[in-house]
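J.: The structure file protein-v1.pdb (PDB, C-alpha atoms) is provided below.
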ATOM      1  CA  MET O   1     -21.846  -2.003   4.402
ATOM      2  CA  ASN O   2     -21.159   1.335   2.754
ATOM      3  CA  ASP O   3     -22.280   3.780   5.454
ATOM      4  CA  LEU O   4     -20.187   6.714   4.229
ATOM      5  CA  LYS O   5     -22.259   9.897   4.330
ATOM      6  CA  LEU O   6     -21.474  13.399   3.118
ATOM      7  CA  PHE O   7     -23.220  16.527   4.364
ATOM      8  CA  ARG O   8     -23.407  20.110   3.115
ATOM      9  CA  ILE O   9     -23.353  22.595   5.983
ATOM     10  CA  ARG O  10     -25.191  25.902   5.534
ATOM     11  CA  ASP O  11     -26.012  28.315   8.346
ATOM     12  CA  GLY O  12     -25.280  25.626  10.906
ATOM     13  CA  GLN O  13     -27.699  23.154   9.296
ATOM     14  CA  ALA O  14     -26.601  19.806   7.836
ATOM     15  CA  ALA O  15     -28.165  18.470   4.652
ATOM     16  CA  GLU O  16     -27.121  15.026   3.456
ATOM     17  CA  ILE O  17     -25.817  14.790  -0.096
ATOM     18  CA  PRO O  18     -27.181  11.570  -1.603
ATOM     19  CA  GLY O  19     -24.539   9.259  -3.023
ATOM     20  CA  ALA O  20     -24.766   6.547  -5.651
ATOM     21  CA  ALA O  21     -22.673   4.096  -7.607
ATOM     22  CA  VAL O  22     -21.178   5.627 -10.731
ATOM     23  CA  ALA O  23     -23.504   4.995 -13.648
ATOM     24  CA  LEU O  24     -20.986   3.122 -15.751
ATOM     25  CA  GLU O  25     -18.285   0.748 -14.521
ATOM     26  CA  ARG O  26     -15.985   1.811 -17.359
ATOM     27  CA  HIS O  27     -16.369   5.483 -16.419
ATOM     28  CA  LEU O  28     -15.203   4.715 -12.879
ATOM     29  CA  GLN O  29     -12.270   2.695 -14.192
ATOM     30  CA  THR O  30     -11.154   5.458 -16.548
ATOM     31  CA  LEU O  31     -11.381   8.073 -13.810
ATOM     32  CA  ILE O  32      -9.295   6.047 -11.357
ATOM     33  CA  GLU O  33      -6.716   5.034 -13.964
ATOM     34  CA  ARG O  34      -6.124   8.682 -14.831
ATOM     35  CA  ASN O  35      -5.666   9.537 -11.149
ATOM     36  CA  MET O  36      -4.458   6.234  -9.714
ATOM     37  CA  GLU O  37      -1.389   7.508  -7.897
ATOM     38  CA  ALA O  38      -3.297  10.364  -6.258
ATOM     39  CA  MET O  39      -6.280   8.200  -5.298
ATOM     40  CA  LEU O  40      -4.678   4.859  -4.417
ATOM     41  CA  GLY O  41      -0.927   5.432  -4.188
ATOM     42  CA  ILE O  42      -0.462   3.066  -7.146
ATOM     43  CA  ARG O  43       1.413   3.853 -10.349
ATOM     44  CA  PHE O  44      -0.695   2.941 -13.370
ATOM     45  CA  LEU O  45       0.733   0.427 -15.840
ATOM     46  CA  ALA O  46      -1.990  -0.904 -18.142
ATOM     47  CA  SER O  47      -5.727  -1.103 -18.752
ATOM     48  CA  GLU O  48      -7.752  -4.116 -19.950
ATOM     49  CA  TYR O  49      -4.615  -6.255 -20.016
ATOM     50  CA  GLY O  50      -5.120  -9.589 -21.792
ATOM     51  CA  THR O  51      -4.201 -12.767 -19.894
ATOM     52  CA  GLY O  52      -3.918 -15.120 -22.861
ATOM     53  CA  ALA O  53      -5.623 -18.343 -23.890
ATOM     54  CA  ARG O  54      -5.244 -20.219 -20.601
ATOM     55  CA  HIS O  55      -6.725 -17.606 -18.259
ATOM     56  CA  ARG O  56      -9.056 -16.117 -20.883
ATOM     57  CA  GLY O  57      -9.634 -12.731 -19.394
ATOM     58  CA  ARG O  58      -8.685  -9.088 -19.281
ATOM     59  CA  ILE O  59      -7.384  -7.506 -16.088
ATOM     60  CA  ASP O  60      -9.154  -4.183 -15.542
ATOM     61  CA  SER O  61      -6.011  -2.358 -14.369
ATOM     62  CA  LEU O  62      -2.422  -3.287 -13.564
ATOM     63  CA  GLY O  63      -0.220  -1.159 -11.336
ATOM     64  CA  LEU O  64       2.783  -0.967  -9.033
ATOM     65  CA  ASP O  65       2.266   0.346  -5.510
ATOM     66  CA  GLU O  66       4.456   2.605  -3.378
ATOM     67  CA  CYS O  67       6.334  -0.384  -1.960
ATOM     68  CA  GLY O  68       7.056  -1.953  -5.352
ATOM     69  CA  ASN O  69       4.356  -4.645  -5.082
ATOM     70  CA  PRO O  70       2.476  -5.719  -8.238
ATOM     71  CA  VAL O  71      -1.205  -4.761  -8.046
ATOM     72  CA  ILE O  72      -4.307  -6.035  -9.821
ATOM     73  CA  ILE O  73      -7.299  -3.675  -9.662
ATOM     74  CA  GLU O  74     -10.816  -4.838 -10.518
ATOM     75  CA  TYR O  75     -13.977  -2.704 -10.564
ATOM     76  CA  LYS O  76     -17.699  -3.395 -10.260
ATOM     77  CA  ARG O  77     -20.635  -1.011 -10.153
ATOM     78  CA  SER O  78     -22.518  -2.507  -7.215
ATOM     79  CA  ASN O  79     -22.034  -5.713  -5.186
ATOM     80  CA  GLY O  80     -18.424  -6.803  -4.686
ATOM     81  CA  LYS O  81     -18.823 -10.602  -4.725
ATOM     82  CA  ALA O  82     -18.035 -11.037  -8.411
ATOM     83  CA  VAL O  83     -15.135  -8.591  -8.365
ATOM     84  CA  ILE O  84     -13.318 -10.530  -5.604
ATOM     85  CA  THR O  85     -13.642 -13.834  -7.457
ATOM     86  CA  GLN O  86     -12.484 -12.256 -10.694
ATOM     87  CA  ALA O  87      -9.439 -10.639  -9.094
ATOM     88  CA  LEU O  88      -8.385 -13.915  -7.459
ATOM     89  CA  SER O  89      -8.571 -15.710 -10.797
ATOM     90  CA  TYR O  90      -6.020 -13.270 -12.229
ATOM     91  CA  LEU O  91      -3.553 -13.688  -9.368
ATOM     92  CA  SER O  92      -2.320 -17.039 -10.686
ATOM     93  CA  TRP O  93      -1.689 -15.391 -14.057
ATOM     94  CA  LEU O  94       0.367 -12.677 -12.365
ATOM     95  CA  ARG O  95       2.522 -15.187 -10.484
ATOM     96  CA  ASP O  96       3.116 -17.172 -13.691
ATOM     97  CA  HIS O  97       4.066 -14.102 -15.750
ATOM     98  CA  ARG O  98       6.627 -12.289 -13.634
ATOM     99  CA  HIS O  99       8.959 -11.549 -16.531
ATOM    100  CA  GLU O 100       6.104 -10.148 -18.622
ATOM    101  CA  PHE O 101       5.001  -7.919 -15.749
ATOM    102  CA  GLU O 102       8.547  -6.675 -15.080
ATOM    103  CA  SER O 103       8.950  -5.908 -18.790
ATOM    104  CA  LEU O 104       5.764  -3.849 -18.619
ATOM    105  CA  VAL O 105       7.094  -1.974 -15.570
ATOM    106  CA  LYS O 106      10.359  -1.298 -17.398
ATOM    107  CA  GLU O 107       8.500  -0.007 -20.445
ATOM    108  CA  ARG O 108       6.198   2.288 -18.438
ATOM    109  CA  LEU O 109       8.285   3.317 -15.423
ATOM    110  CA  GLY O 110      11.917   2.580 -16.297
ATOM    111  CA  ASP O 111      14.743   0.263 -15.265
ATOM    112  CA  GLU O 112      14.919   1.325 -11.626
ATOM    113  CA  ALA O 113      11.254   0.530 -10.968
ATOM    114  CA  ALA O 114      11.518  -2.781 -12.834
ATOM    115  CA  GLY O 115      14.522  -3.804 -10.765
ATOM    116  CA  SER O 116      12.760  -3.121  -7.478
ATOM    117  CA  VAL O 117       9.549  -5.120  -8.037
ATOM    118  CA  ASP O 118       8.754  -7.052  -4.844
ATOM    119  CA  TRP O 119       7.038 -10.387  -5.544
ATOM    120  CA  SER O 120       6.733 -11.508  -1.926
ATOM    121  CA  ASN O 121       3.081 -10.494  -1.613
ATOM    122  CA  PRO O 122       1.268  -9.215  -4.746
ATOM    123  CA  ARG O 123      -1.788  -7.128  -3.976
ATOM    124  CA  LEU O 124      -5.389  -7.235  -5.146
ATOM    125  CA  VAL O 125      -7.577  -4.129  -4.950
ATOM    126  CA  CYS O 126     -11.294  -4.698  -5.464
ATOM    127  CA  ILE O 127     -13.374  -1.558  -5.975
ATOM    128  CA  ALA O 128     -17.162  -1.756  -5.838
ATOM    129  CA  GLY O 129     -20.200   0.222  -4.810
ATOM    130  CA  ASP O 130     -20.619  -1.971  -1.741
ATOM    131  CA  PHE O 131     -19.439  -5.147  -0.015
ATOM    132  CA  THR O 132     -21.284  -7.484   2.338
ATOM    133  CA  SER O 133     -20.152  -8.854   5.690
ATOM    134  CA  HIS O 134     -19.748 -12.222   3.939
ATOM    135  CA  ASP O 135     -17.195 -10.635   1.598
ATOM    136  CA  THR O 136     -15.094  -9.249   4.435
ATOM    137  CA  ASN O 137     -15.286 -12.459   6.487
ATOM    138  CA  ALA O 138     -14.241 -14.563   3.494
ATOM    139  CA  LEU O 139     -11.009 -12.610   3.043
ATOM    140  CA  GLU O 140      -9.509 -14.091   6.207
ATOM    141  CA  GLU O 141      -9.998 -17.583   4.787
ATOM    142  CA  ILE O 142      -8.654 -16.730   1.347
ATOM    143  CA  GLY O 143      -5.241 -15.839   2.769
ATOM    144  CA  ARG O 144      -4.295 -13.380   0.035
ATOM    145  CA  ARG O 145      -3.392  -9.713   0.249
ATOM    146  CA  ILE O 146      -6.635  -7.982  -0.675
ATOM    147  CA  ASP O 147      -8.060  -4.495  -0.192
ATOM    148  CA  LEU O 148     -11.798  -3.916  -0.496
ATOM    149  CA  VAL O 149     -12.493  -0.301  -1.440
ATOM    150  CA  SER O 150     -16.011   1.078  -1.749
ATOM    151  CA  TYR O 151     -16.926   4.255  -3.599
ATOM    152  CA  ARG O 152     -19.775   6.734  -3.701
ATOM    153  CA  ASP O 153     -20.423   9.415  -6.299
ATOM    154  CA  PHE O 154     -21.947  12.469  -4.615
ATOM    155  CA  GLY O 155     -22.211  14.555  -7.762
ATOM    156  CA  GLY O 156     -20.755  17.985  -8.238
ATOM    157  CA  GLY O 157     -17.309  16.503  -8.800
ATOM    158  CA  LEU O 158     -17.277  14.691  -5.435
ATOM    159  CA  LEU O 159     -16.187  11.048  -5.387
ATOM    160  CA  ALA O 160     -15.433   9.257  -2.106
ATOM    161  CA  LEU O 161     -13.256   6.157  -1.682
ATOM    162  CA  GLN O 162     -13.407   4.187   1.558
ATOM    163  CA  LEU O 163     -11.146   1.318   2.620
ATOM    164  CA  VAL O 164     -13.702  -1.217   3.863
ATOM    165  CA  THR O 165     -11.171  -3.827   4.934
ATOM    166  CA  SER O 166      -7.639  -4.931   4.180
ATOM    167  CA  VAL O 167      -6.002  -8.318   4.681
ATOM    168  CA  THR O 168      -2.218  -8.559   4.578
ATOM    169  CA  GLY O 169      -2.153 -12.169   3.371
ATOM    170  CA  SER O 170       0.757 -14.573   3.629
ATOM    171  CA  ALA O 171       4.005 -13.374   2.105
ATOM    172  CA  THR O 172       6.032 -15.844   0.072
ATOM    173  CA  PRO O 173       9.790 -15.679  -0.502
ATOM    174  CA  SER O 174      10.635 -12.974  -2.993
ATOM    175  CA  ARG O 175      13.067 -13.859  -5.757
ATOM    176  CA  THR O 176      16.204 -11.757  -5.556
ATOM    177  CA  PRO O 177      16.776  -9.978  -8.898
ATOM    178  CA  GLY O 178      18.954 -12.152 -11.096
ATOM    179  CA  THR O 179      18.285 -15.331  -9.091
ATOM    180  CA  PRO O 180      17.256 -18.323 -11.249
ATOM    181  CA  THR O 181      13.663 -19.410 -10.689
ATOM    182  CA  ASN O 182      14.752 -22.919  -9.638
ATOM    183  CA  THR O 183      16.911 -21.614  -6.784
ATOM    184  CA  SER O 184      15.853 -22.958  -3.391
ATOM    185  CA  ALA O 185      13.611 -20.748  -1.291
ATOM    186  CA  SER O 186      16.137 -20.433   1.502
ATOM    187  CA  SER O 187      18.783 -18.938  -0.726
ATOM    188  CA  ALA O 188      16.444 -16.801  -2.811
ATOM    189  CA  SER O 189      14.403 -15.220  -0.045
ATOM    190  CA  PRO O 190      15.209 -11.732   1.240
ATOM    191  CA  GLY O 191      17.775 -12.002   3.957
ATOM    192  CA  GLY O 192      18.113 -15.759   3.394
ATOM    193  CA  ALA O 193      21.312 -17.755   3.576
ATOM    194  CA  GLY O 194      22.312 -16.948  -0.002
ATOM    195  CA  SER O 195      21.206 -13.320   0.006
ATOM    196  CA  THR O 196      23.376 -10.275   0.632
ATOM    197  CA  VAL O 197      20.294  -8.146   1.332
ATOM    198  CA  LYS O 198      19.304  -7.862   4.984
ATOM    199  CA  SER O 199      15.603  -7.609   5.650
ATOM    200  CA  VAL O 200      13.878  -5.280   8.076
ATOM    201  CA  ARG O 201      13.125  -8.313  10.255
ATOM    202  CA  GLN O 202      16.850  -9.035  10.535
ATOM    203  CA  PHE O 203      17.606  -5.447  11.495
ATOM    204  CA  TYR O 204      14.870  -5.663  14.124
ATOM    205  CA  ASP O 205      16.355  -8.896  15.504
ATOM    206  CA  GLU O 206      19.764  -7.209  15.779
ATOM    207  CA  SER O 207      18.357  -4.174  17.592
ATOM    208  CA  PRO O 208      18.900  -3.731  21.342
ATOM    209  CA  GLN O 209      15.855  -4.154  23.547
ATOM    210  CA  SER O 210      15.687  -0.411  24.180
ATOM    211  CA  LEU O 211      15.248   0.261  20.448
ATOM    212  CA  ARG O 212      12.626  -2.490  20.190
ATOM    213  CA  ASP O 213      10.746  -0.909  23.090
ATOM    214  CA  LEU O 214      10.909   2.467  21.360
ATOM    215  CA  TYR O 215       9.551   0.886  18.186
ATOM    216  CA  ALA O 216       6.737  -0.799  20.143
ATOM    217  CA  ASP O 217       5.577   2.625  21.320
ATOM    218  CA  LEU O 218       5.782   4.044  17.789
ATOM    219  CA  ASP O 219       3.893   1.028  16.460
ATOM    220  CA  ALA O 220       1.159   1.538  19.062
ATOM    221  CA  MET O 221       0.903   5.194  18.050
ATOM    222  CA  LEU O 222       0.461   4.294  14.384
ATOM    223  CA  ILE O 223      -2.008   1.428  14.725
ATOM    224  CA  SER O 224      -4.090   3.204  17.358
ATOM    225  CA  HIS O 225      -5.977   4.506  14.332
ATOM    226  CA  VAL O 226      -8.297   1.594  13.578
ATOM    227  CA  ASP O 227      -7.997   1.665   9.785
ATOM    228  CA  VAL O 228      -4.182   1.753   9.642
ATOM    229  CA  GLN O 229      -2.699  -1.520   8.382
ATOM    230  CA  LYS O 230       0.851  -2.767   9.051
ATOM    231  CA  GLU O 231       2.746  -4.704   6.377
ATOM    232  CA  PHE O 232       6.313  -6.016   6.356
ATOM    233  CA  GLN O 233       8.216  -5.197   3.183
ATOM    234  CA  LEU O 234      11.801  -6.239   2.455
ATOM    235  CA  HIS O 235      13.529  -3.048   3.614
ATOM    236  CA  TYR O 236      10.957  -1.466   5.920
ATOM    237  CA  ILE O 237       7.641  -1.841   7.702
ATOM    238  CA  ALA O 238       4.855   0.022   5.905
ATOM    239  CA  TYR O 239       1.801   1.501   7.613
ATOM    240  CA  ARG O 240      -1.055   2.504   5.367
ATOM    241  CA  ARG O 241      -4.672   3.340   4.932
ATOM    242  CA  ILE O 242      -5.506   3.360   1.226
ATOM    243  CA  LYS O 243      -2.024   4.876   0.727
ATOM    244  CA  ASN O 244       1.094   4.674   2.887
ATOM    245  CA  VAL O 245       1.107   6.930   5.933
ATOM    246  CA  ALA O 246       4.508   5.853   7.297
ATOM    247  CA  THR O 247       7.452   3.536   6.751
ATOM    248  CA  VAL O 248       9.871   2.455   9.476
ATOM    249  CA  ARG O 249      13.445   1.148   9.286
ATOM    250  CA  PHE O 250      15.863   0.140  12.050
ATOM    251  CA  GLN O 251      19.461   1.285  12.457
ATOM    252  CA  PRO O 252      20.682  -0.721  15.473
ATOM    253  CA  ARG O 253      24.218   0.695  15.565
ATOM    254  CA  SER O 254      23.021   4.278  15.948
ATOM    255  CA  HIS O 255      19.965   3.307  18.019
ATOM    256  CA  THR O 256      17.671   4.976  15.484
ATOM    257  CA  LEU O 257      14.231   4.450  13.993
ATOM    258  CA  VAL O 258      14.141   5.998  10.527
ATOM    259  CA  VAL O 259      10.554   7.031   9.870
ATOM    260  CA  ARG O 260       9.196   8.508   6.655
ATOM    261  CA  LEU O 261       5.848  10.292   6.674
ATOM    262  CA  ALA O 262       3.380  11.625   4.118
ATOM    263  CA  VAL O 263       3.810  15.200   5.340
ATOM    264  CA  ASP O 264       4.912  18.166   3.231
ATOM    265  CA  PRO O 265       8.376  19.174   4.516
ATOM    266  CA  ASP O 266       7.616  22.796   3.591
ATOM    267  CA  THR O 267       5.077  22.864   6.437
ATOM    268  CA  VAL O 268       7.517  21.519   9.040
ATOM    269  CA  GLU O 269      10.358  23.109  10.972
ATOM    270  CA  LEU O 270      13.277  20.961   9.855
ATOM    271  CA  VAL O 271      15.684  20.253  12.708
ATOM    272  CA  GLU O 272      19.106  18.814  11.896
ATOM    273  CA  GLY O 273      19.418  15.264  13.149
ATOM    274  CA  PHE O 274      15.661  14.902  13.653
ATOM    275  CA  ALA O 275      13.657  15.970  10.580
ATOM    276  CA  ARG O 276      14.738  16.434   6.970
ATOM    277  CA  ASP O 277      13.295  16.817   3.476
ATOM    278  CA  VAL O 278      14.093  13.712   1.387
ATOM    279  CA  ARG O 279      12.182  14.603  -1.776
ATOM    280  CA  LYS O 280      15.402  14.887  -3.769
ATOM    281  CA  ILE O 281      17.326  12.188  -1.916
ATOM    282  CA  GLY O 282      17.272   8.538  -2.916
ATOM    283  CA  CYS O 283      16.568   6.537   0.240
ATOM    284  CA  LEU O 284      14.437   3.611   1.338
ATOM    285  CA  GLY O 285      10.809   4.073   2.300
ATOM    286  CA  THR O 286       7.979   6.302   1.117
ATOM    287  CA  GLY O 287       6.988   9.824   2.057
ATOM    288  CA  PRO O 288       8.785  13.169   1.599
ATOM    289  CA  LEU O 289       9.549  13.802   5.287
ATOM    290  CA  GLU O 290      12.095  11.717   7.206
ATOM    291  CA  LEU O 291      12.341  11.620  10.996
ATOM    292  CA  ARG O 292      15.132  10.054  13.042
ATOM    293  CA  ILE O 293      13.797   8.869  16.370
ATOM    294  CA  ARG O 294      16.371   7.865  18.989
ATOM    295  CA  SER O 295      14.520   8.411  22.254
ATOM    296  CA  HIS O 296      11.072   8.751  23.759
ATOM    297  CA  GLU O 297      11.599  12.511  23.714
ATOM    298  CA  ASP O 298      12.011  12.312  19.930
ATOM    299  CA  LEU O 299       8.926  10.112  19.720
ATOM    300  CA  SER O 300       6.922  12.669  21.662
ATOM    301  CA  ARG O 301       8.069  15.398  19.256
ATOM    302  CA  ALA O 302       7.046  13.196  16.326
ATOM    303  CA  GLY O 303       3.519  12.585  17.603
ATOM    304  CA  ASP O 304       1.837  15.532  15.882
ATOM    305  CA  LEU O 305       3.593  14.787  12.582
ATOM    306  CA  VAL O 306       2.499  11.137  12.728
ATOM    307  CA  ARG O 307      -1.085  12.264  13.324
ATOM    308  CA  ARG O 308      -0.924  14.682  10.385
ATOM    309  CA  SER O 309       0.390  11.958   8.100
ATOM    310  CA  ILE O 310      -2.414   9.573   9.038
ATOM    311  CA  GLU O 311      -5.216  12.117   8.846
ATOM    312  CA  GLY O 312      -3.975  13.444   5.523
ATOM    313  CA  ARG O 313      -4.247  10.053   3.812
TER     314      ARG O 313
END
Take the structure in this file and express it as structure tokens.

T.:
Amino acid sequence: MNDLKLFRIRDGQAAEIPGAAVALERHLQTLIERNMEAMLGIRFLASEYGTGARHRGRIDSLGLDECGNPVIIEYKRSNGKAVITQALSYLSWLRDHRHEFESLVKERLGDEAAGSVDWSNPRLVCIAGDFTSHDTNALEEIGRRIDLVSYRDFGGGLLALQLVTSVTGSATPSRTPGTPTNTSASSASPGGAGSTVKSVRQFYDESPQSLRDLYADLDAMLISHVDVQKEFQLHYIAYRRIKNVATVRFQPRSHTLVVRLAVDPDTVELVEGFARDVRKIGCLGTGPLELRIRSHEDLSRAGDLVRRSIEGR
């Protein structure tokens, strides 16, 4: 299924650059681990992580994505069938070893990152030279959050990654930090009866119809690009390709959509009340540029910035 092609243009003539799977699986793994945040939007935690006597394996790479979700990354040189099966076998280990994973996050990334780990929908990323249509069709039946990413090495320092397909999976209630593991799901889930944290779904439900309509138009703008995926996190809705392109929050009282984009604020005319640089400000969402959209006029102004964010990822 890997139909990605790269051409060298000289004097108006196109010559295809032949691509191939990287010669050694370990070489690919090392390269991605060293550049994981730039390539995948995932912060690297560990390589060849042992899963103990019961699971009897070693996870190729462990990471934490932009939204705070635990990530298992598995690599294979060619066909992706084995890599999907292997990644799924490690998911049960991950769910059974939350404390161990959070301790690893704390050790590598610090207390703040460890305290914000979101267990509602851990993510599997399978990277292989190619995947078949059977692989992509099977993901819908598996019901887990899985990304299939293919790669081609074009030589000359050129490596391409392509998101073949992504399935959001079925989120499960996320344990609120400090909540005992035997607490009922209703009280432990984000925004549940016993939680003081309101979820993005609750803020959406509290929004007036006019703000929901405005969001519907923004949503249509974002997902009009066929490879953009939408995923509900606790505090915001994330839109991504391989990496996040936008996050959206609702502020019903001020009739505002708070949108963060993967656009360099230095390249944007920052307008008070509409666009601001949040690189040095602690706030929810991902992306260095924040927009506040209150009307369809604001949404129209945001259109070019949304496009730039998507095309740049």

J.: So that I can check the surroundings of O:Arg307, please list as an mmCIF file with C-alpha atoms, in the coordinates of the input every protein, DNA and RNA residue that reaches within 10 Å of it, counting all atoms listed in the file and ignoring chain neighbours fewer than 5 positions away.

T.:
data_model
loop_
_atom_site.group_PDB
_atom_site.id
_atom_site.type_symbol
_atom_site.label_atom_id
_atom_site.label_comp_id
_atom_site.auth_asym_id
_atom_site.auth_seq_id
_atom_site.Cartn_x
_atom_site.Cartn_y
_atom_site.Cartn_z
ATOM 1 C CA MET O 221 0.903 5.194 18.050
ATOM 2 C CA LEU O 222 0.461 4.294 14.384
ATOM 3 C CA HIS O 225 -5.977 4.506 14.332
ATOM 4 C CA VAL O 245 1.107 6.930 5.933
ATOM 5 C CA LEU O 261 5.848 10.292 6.674
ATOM 6 C CA VAL O 263 3.810 15.200 5.340
ATOM 7 C CA ALA O 302 7.046 13.196 16.326
ATOM 8 C CA GLY O 312 -3.975 13.444 5.523
#

J.: Could you expand the PyMOL selection byres ((chain O and resi 56-60) around 9) into the explicit residues it covers here, written as a PyMOL selection string?

T.: chain O and resi 29+46-55+61-62+72-75+86-87+90

J.: Go ahead and save the picked residues with C-alpha atoms, as a PDB file, keeping the file's coordinate frame.

T.:
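Result file selection-v5.pdb:
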ATOM      1  CA  GLN O  29     -12.270   2.695 -14.192  1.00  0.00           C
ATOM      2  CA  ALA O  46      -1.990  -0.904 -18.142  1.00  0.00           C
ATOM      3  CA  SER O  47      -5.727  -1.103 -18.752  1.00  0.00           C
ATOM      4  CA  GLU O  48      -7.752  -4.116 -19.950  1.00  0.00           C
ATOM      5  CA  TYR O  49      -4.615  -6.255 -20.016  1.00  0.00           C
ATOM      6  CA  GLY O  50      -5.120  -9.589 -21.792  1.00  0.00           C
ATOM      7  CA  THR O  51      -4.201 -12.767 -19.894  1.00  0.00           C
ATOM      8  CA  GLY O  52      -3.918 -15.120 -22.861  1.00  0.00           C
ATOM      9  CA  ALA O  53      -5.623 -18.343 -23.890  1.00  0.00           C
ATOM     10  CA  ARG O  54      -5.244 -20.219 -20.601  1.00  0.00           C
ATOM     11  CA  HIS O  55      -6.725 -17.606 -18.259  1.00  0.00           C
ATOM     12  CA  SER O  61      -6.011  -2.358 -14.369  1.00  0.00           C
ATOM     13  CA  LEU O  62      -2.422  -3.287 -13.564  1.00  0.00           C
ATOM     14  CA  ILE O  72      -4.307  -6.035  -9.821  1.00  0.00           C
ATOM     15  CA  ILE O  73      -7.299  -3.675  -9.662  1.00  0.00           C
ATOM     16  CA  GLU O  74     -10.816  -4.838 -10.518  1.00  0.00           C
ATOM     17  CA  TYR O  75     -13.977  -2.704 -10.564  1.00  0.00           C
ATOM     18  CA  GLN O  86     -12.484 -12.256 -10.694  1.00  0.00           C
ATOM     19  CA  ALA O  87      -9.439 -10.639  -9.094  1.00  0.00           C
ATOM     20  CA  TYR O  90      -6.020 -13.270 -12.229  1.00  0.00           C
TER      21      TYR O  90
END

J.: Distance atom CA of O:Asp118-atom CA of O:Gln233, one decimal place?

T.: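 Interatomic distance here is 8.3 Å.
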
J.: Enumerate, as an mmCIF file with C-alpha atoms, in the coordinates of the input, the residues matched when the PyMOL selection byres ((chain O and resi 283) around 12) is run on the file above.

T.:
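selection.cif written:
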data_model
loop_
_atom_site.group_PDB
_atom_site.id
_atom_site.type_symbol
_atom_site.label_atom_id
_atom_site.label_comp_id
_atom_site.auth_asym_id
_atom_site.auth_seq_id
_atom_site.Cartn_x
_atom_site.Cartn_y
_atom_site.Cartn_z
ATOM 1 C CA HIS O 235 13.529 -3.048 3.614
ATOM 2 C CA TYR O 236 10.957 -1.466 5.920
ATOM 3 C CA THR O 247 7.452 3.536 6.751
ATOM 4 C CA ARG O 249 13.445 1.148 9.286
ATOM 5 C CA VAL O 258 14.141 5.998 10.527
ATOM 6 C CA VAL O 259 10.554 7.031 9.870
ATOM 7 C CA ARG O 260 9.196 8.508 6.655
ATOM 8 C CA ASP O 277 13.295 16.817 3.476
ATOM 9 C CA VAL O 278 14.093 13.712 1.387
ATOM 10 C CA ARG O 279 12.182 14.603 -1.776
ATOM 11 C CA LYS O 280 15.402 14.887 -3.769
ATOM 12 C CA ILE O 281 17.326 12.188 -1.916
ATOM 13 C CA GLY O 282 17.272 8.538 -2.916
ATOM 14 C CA LEU O 284 14.437 3.611 1.338
ATOM 15 C CA GLY O 285 10.809 4.073 2.300
ATOM 16 C CA THR O 286 7.979 6.302 1.117
ATOM 17 C CA GLY O 287 6.988 9.824 2.057
ATOM 18 C CA PRO O 288 8.785 13.169 1.599
ATOM 19 C CA LEU O 289 9.549 13.802 5.287
ATOM 20 C CA GLU O 290 12.095 11.717 7.206
#

J.: Residues within 8 Å of O:Lys230, please, as a short mmCIF file (atom, residue, chain, number, x, y, z; two decimals) with C-alpha atoms, in the coordinates of the input. Count only C-alpha atoms; anything in the same chain fewer than 2 positions from it doesn't count.

T.:
data_model
loop_
_atom_site.label_atom_id
_atom_site.label_comp_id
_atom_site.auth_asym_id
_atom_site.auth_seq_id
_atom_site.Cartn_x
_atom_site.Cartn_y
_atom_site.Cartn_z
CA THR O 168 -2.22 -8.56 4.58
CA ILE O 223 -2.01 1.43 14.72
CA VAL O 228 -4.18 1.75 9.64
CA PHE O 232 6.31 -6.02 6.36
CA ILE O 237 7.64 -1.84 7.70
CA ALA O 238 4.86 0.02 5.90
CA TYR O 239 1.80 1.50 7.61
CA ARG O 240 -1.06 2.50 5.37
#

J.: Could you spell out the hits of the PyMOL selection byres ((chain O and resi 164) around 7) on the shown file, as a ChimeraX atom specification?

T.: /O:148-150,162-163,165

J.: Keeping only C-alpha atoms, write the selected residues to a file as a PDB file, keeping the file's coordinate frame.

T.:
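Contents of the output file part03.pdb:
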ATOM      1  CA  LEU O 148     -11.798  -3.916  -0.496  1.00  0.00           C
ATOM      2  CA  VAL O 149     -12.493  -0.301  -1.440  1.00  0.00           C
ATOM      3  CA  SER O 150     -16.011   1.078  -1.749  1.00  0.00           C
ATOM      4  CA  GLN O 162     -13.407   4.187   1.558  1.00  0.00           C
ATOM      5  CA  LEU O 163     -11.146   1.318   2.620  1.00  0.00           C
ATOM      6  CA  THR O 165     -11.171  -3.827   4.934  1.00  0.00           C
TER       7      THR O 165
END

J.: So what do you get for atom CA of O:Ser207 versus atom CA of O:Val306, distance-wise?

T.: 22.6 Å

J.: Excluding same-chain residues fewer than 5 positions from stretch 95-109 of chain O, what lies within 8 Å of it counting only C-alpha atoms, as a list in words?

T.: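 Selected residues are Leu45, Leu64, Ala114, Gly115 and Val117 of chain O.
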
J.: Could you name the residues that touch O:Phe274 at 7 Å or less, counting only C-alpha atoms, but leaving out those on the same chain fewer than 6 positions away, as a PyMOL selection string?

T.: chain O and resi 291-293
